[in-house]
Amino acid sequence: MKVAYVFPGQGSQKVGMGRDLYENFPSARAVFTQADEVLGFPLSRLCFEGPEAELRQTINAQPALVTVSYACLKAVQAVNRDGLPPPAFVTGHSLGEYTALAASGVVDFATVVYLARERGRLMHEAGLAKPGGMVAIIRFDEALLAEVCEETNTWLANINCPNQMVISGAHENLTKASELAKAKGAKRTIPLSVSAAFHTPLMESAASGMSEVLDTISFNDPLVPIVANTTAEPMTTAREIKAELLRQLCHGVQWQRSIEYMVGDGVATFIEIGPGQVLSGLIKRINTDVETLNIGDVPAIKNLVNPSP
């Protein structure tokens with residue numbers, strides 16, 4: 001019975017995340033301390049105390065989520081390494097792909113938190129240059145939504161699970177796309193609280209900047225295959241991974257297909273490592289037969305290591 005680790009992306013952040021890990025596990029505290037040192041400001045305090053508006057900013061939310069997720073992983077490994085089954089695959093939703101880099105040994109955590117900060121900065125700047133947003137489309141056909149996007153100059157940014165997709169684009173185009181989707185039968189359209197049109201060609205300047213950043217970093221081949229957001233296929237080389245990190249900035253996240261690929265390869269348990277339970281919820285909608293577990297706080301870690309009878 002294979003296991004996969006999955007790491008959450010932007011949107012799962014909340015004020016207070018990681019504080020109990022910091023207070024209870026030296027291994028987690030070391031992660032937060034290292035993040036503060038690498039970034040040159042107290043990211044840990046922003047995670048624990050906010051303010052929420054500042055934590056929600058893309059430039060801060062991205063390194064914060066990577067830090068908390070990795071702290072969760074290190075905490076459970078320190079308590080009892082046997083308490084966490086080894087993964088057959090690791091993956092993450094959008095930003096979560098960066099946490100997967102550290103989890104699979106591609107780069108160390110210090111490098112990952114630096115890369116997440118740079119990614120957040122570059123995406124924020126791209127959003128200022130070419131403003132846009134994202135809208136969730138509920139209970140609608142993927143082929144019809146692709147037609148809507150083509151007609152309104154928007155893009156299909158996330159295929160999250162059956163009946164939940166996300167489109168991105170300029171604000172005025174998103175308004176048109178939402179109206180057209182509802183006219184064609186979409187159950188609901190929900191504007192998302194994000195600062196830009198992520199996973200679209202409007203992020204090309206971010207991809208260009210990130211390419212320069214990645215050129216300065218040496219990657220290892222992963223110890224565990226990483227399932228890529230854009231292809232829903234496993235990556236086993238450093239070269240593939242660098243290309244994917246650039247490609248996912250401007251292309252859609254194939255989350256549903258990624259989960260389906262892993263299930264087809266024998267994965268029966270998905271362990272969501274990081275704050276919230278967004279990914280677990282999506283996974284259960286994709287396949288009701290698999291098991292999902294969450295490691296996002298101290299009680300979850302203790303229960304995984306010493307399960308209740």
# chains A, B, ... in the order shown; residues from 1 in each chain; ligands from 1
call {"tool": "select_by_dssp", "arguments": {"residues": "range 61-278 of chain A", "states": "strand (DSSP E or B)", "output": "PyMOL selection string"}}
result
chain A and resi 89-92+133-138+155-161+164-169+188-191+226-227+234-235+253+267-273
call {"tool": "residues_around", "arguments": {"residues": "Pro225 in chain A", "least_positions_apart": "2", "cutoff": "6 Å", "atoms": "only C-alpha atoms", "output": "list of chain:residue names"}}
result
A:Phe89, A:Pro234, A:Met235, A:Thr236
call {"tool": "write_last_selection", "arguments": {"atoms": "N, CA and C atoms", "output": "mmCIF file, in the first residue's frame"}}
result
data_model
loop_
_atom_site.group_PDB
_atom_site.id
_atom_site.type_symbol
_atom_site.label_atom_id
_atom_site.label_comp_id
_atom_site.auth_asym_id
_atom_site.auth_seq_id
_atom_site.Cartn_x
_atom_site.Cartn_y
_atom_site.Cartn_z
ATOM 1 N N PHE A 89 5.641 8.841 -3.626
ATOM 2 C CA PHE A 89 5.662 10.100 -4.375
ATOM 3 C C PHE A 89 5.515 11.250 -3.393
ATOM 4 N N PRO A 234 5.426 11.861 -12.961
ATOM 5 C CA PRO A 234 6.545 11.952 -12.017
ATOM 6 C C PRO A 234 7.806 12.522 -12.653
ATOM 7 N N MET A 235 8.529 13.296 -11.850
ATOM 8 C CA MET A 235 9.822 13.842 -12.258
ATOM 9 C C MET A 235 10.905 13.164 -11.436
ATOM 10 N N THR A 236 11.989 12.770 -12.103
ATOM 11 C CA THR A 236 13.060 12.048 -11.421
ATOM 12 C C THR A 236 14.433 12.684 -11.633
#
call {"tool": "closest_residue", "arguments": {"among": "A:Glu244, A:Gln164, A:Thr231, A:Lys187", "to": "Gly281 in chain A", "atoms": "only C-alpha atoms"}}
result
A:Gln164
call {"tool": "closest_residue", "arguments": {"among": "A:Phe219, A:Trp255, A:Phe270, A:Tyr22", "to": "Ser104 in chain A", "atoms": "only C-alpha atoms"}}
result
A:Phe219
call {"tool": "atom_distance", "arguments": {"atom1": "CA of Ala100 in chain A", "atom2": "CA of Glu142 in chain A"}}
result
27.8 Å
call {"tool": "select_by_dssp", "arguments": {"residues": "range 38-123 of chain A", "states": "alpha helix (DSSP H)", "output": "PyMOL selection string"}}
result
chain A and resi 38-39+43-49+52-56+58-79+96-103+109-123
call {"tool": "closest_residue", "arguments": {"among": "A:Val213, A:Leu55, A:Leu73, A:Met134", "to": "Gly274 in chain A", "atoms": "only C-alpha atoms"}}
result
A:Leu73
call {"tool": "closest_residue", "arguments": {"among": "A:Leu192, A:Ile301, A:Leu95, A:Val6", "to": "Ala28 in chain A", "atoms": "only C-alpha atoms"}}
result
A:Ile301
call {"tool": "closest_residue", "arguments": {"among": "A:Ser205, A:Thr175, A:Gln34, A:Thr58", "to": "Ala110 in chain A", "atoms": "only C-alpha atoms"}}
result
A:Gln34
call {"tool": "atom_distance", "arguments": {"atom1": "CA of Cys161 in chain A", "atom2": "CA of Thr269 in chain A"}}
result
17.0 Å
call {"tool": "residues_around", "arguments": {"residues": "Leu282 in chain A", "least_positions_apart": "2", "cutoff": "12 Å", "atoms": "only C-alpha atoms", "output": "ChimeraX atom specification"}}
result
/A:6,8,93,158-165,255-260,270,272,277-280,284-288,290,292
call {"tool": "closest_residue", "arguments": {"among": "A:Ala78, A:Ser218, A:Gly16, A:Arg188", "to": "Thr111 in chain A", "atoms": "only C-alpha atoms"}}
result
A:Ser218
call {"tool": "decode", "arguments": {"residues": "range 219-243 of chain A", "atoms": "C-alpha atoms", "output": "PDB file, in the first residue's frame"}}
result
ATOM      1  CA  PHE A 219      19.551  20.943  -7.793  1.00  0.00           C
ATOM      2  CA  ASN A 220      19.939  17.269  -6.914  1.00  0.00           C
ATOM      3  CA  ASP A 221      17.893  14.521  -8.501  1.00  0.00           C
ATOM      4  CA  PRO A 222      14.992  13.784  -6.126  1.00  0.00           C
ATOM      5  CA  LEU A 223      15.220  10.882  -3.700  1.00  0.00           C
ATOM      6  CA  VAL A 224      11.484  10.368  -4.247  1.00  0.00           C
ATOM      7  CA  PRO A 225       9.678  11.140  -7.537  1.00  0.00           C
ATOM      8  CA  ILE A 226       7.833  14.472  -7.558  1.00  0.00           C
ATOM      9  CA  VAL A 227       4.551  14.492  -9.478  1.00  0.00           C
ATOM     10  CA  ALA A 228       4.521  17.649 -11.593  1.00  0.00           C
ATOM     11  CA  ASN A 229       1.622  20.091 -11.456  1.00  0.00           C
ATOM     12  CA  THR A 230       1.548  20.790 -15.176  1.00  0.00           C
ATOM     13  CA  THR A 231       1.890  17.241 -16.539  1.00  0.00           C
ATOM     14  CA  ALA A 232       0.574  15.064 -13.666  1.00  0.00           C
ATOM     15  CA  GLU A 233       3.590  12.813 -14.271  1.00  0.00           C
ATOM     16  CA  PRO A 234       6.545  11.952 -12.017  1.00  0.00           C
ATOM     17  CA  MET A 235       9.822  13.842 -12.258  1.00  0.00           C
ATOM     18  CA  THR A 236      13.060  12.048 -11.421  1.00  0.00           C
ATOM     19  CA  THR A 237      15.777  14.470 -12.558  1.00  0.00           C
ATOM     20  CA  ALA A 238      16.932  17.904 -11.476  1.00  0.00           C
ATOM     21  CA  ARG A 239      16.610  19.177 -15.026  1.00  0.00           C
ATOM     22  CA  GLU A 240      12.940  18.178 -15.240  1.00  0.00           C
ATOM     23  CA  ILE A 241      12.203  19.850 -11.931  1.00  0.00           C
ATOM     24  CA  LYS A 242      13.768  23.191 -12.833  1.00  0.00           C
ATOM     25  CA  ALA A 243      11.786  23.259 -16.067  1.00  0.00           C
TER      26      ALA A 243
END
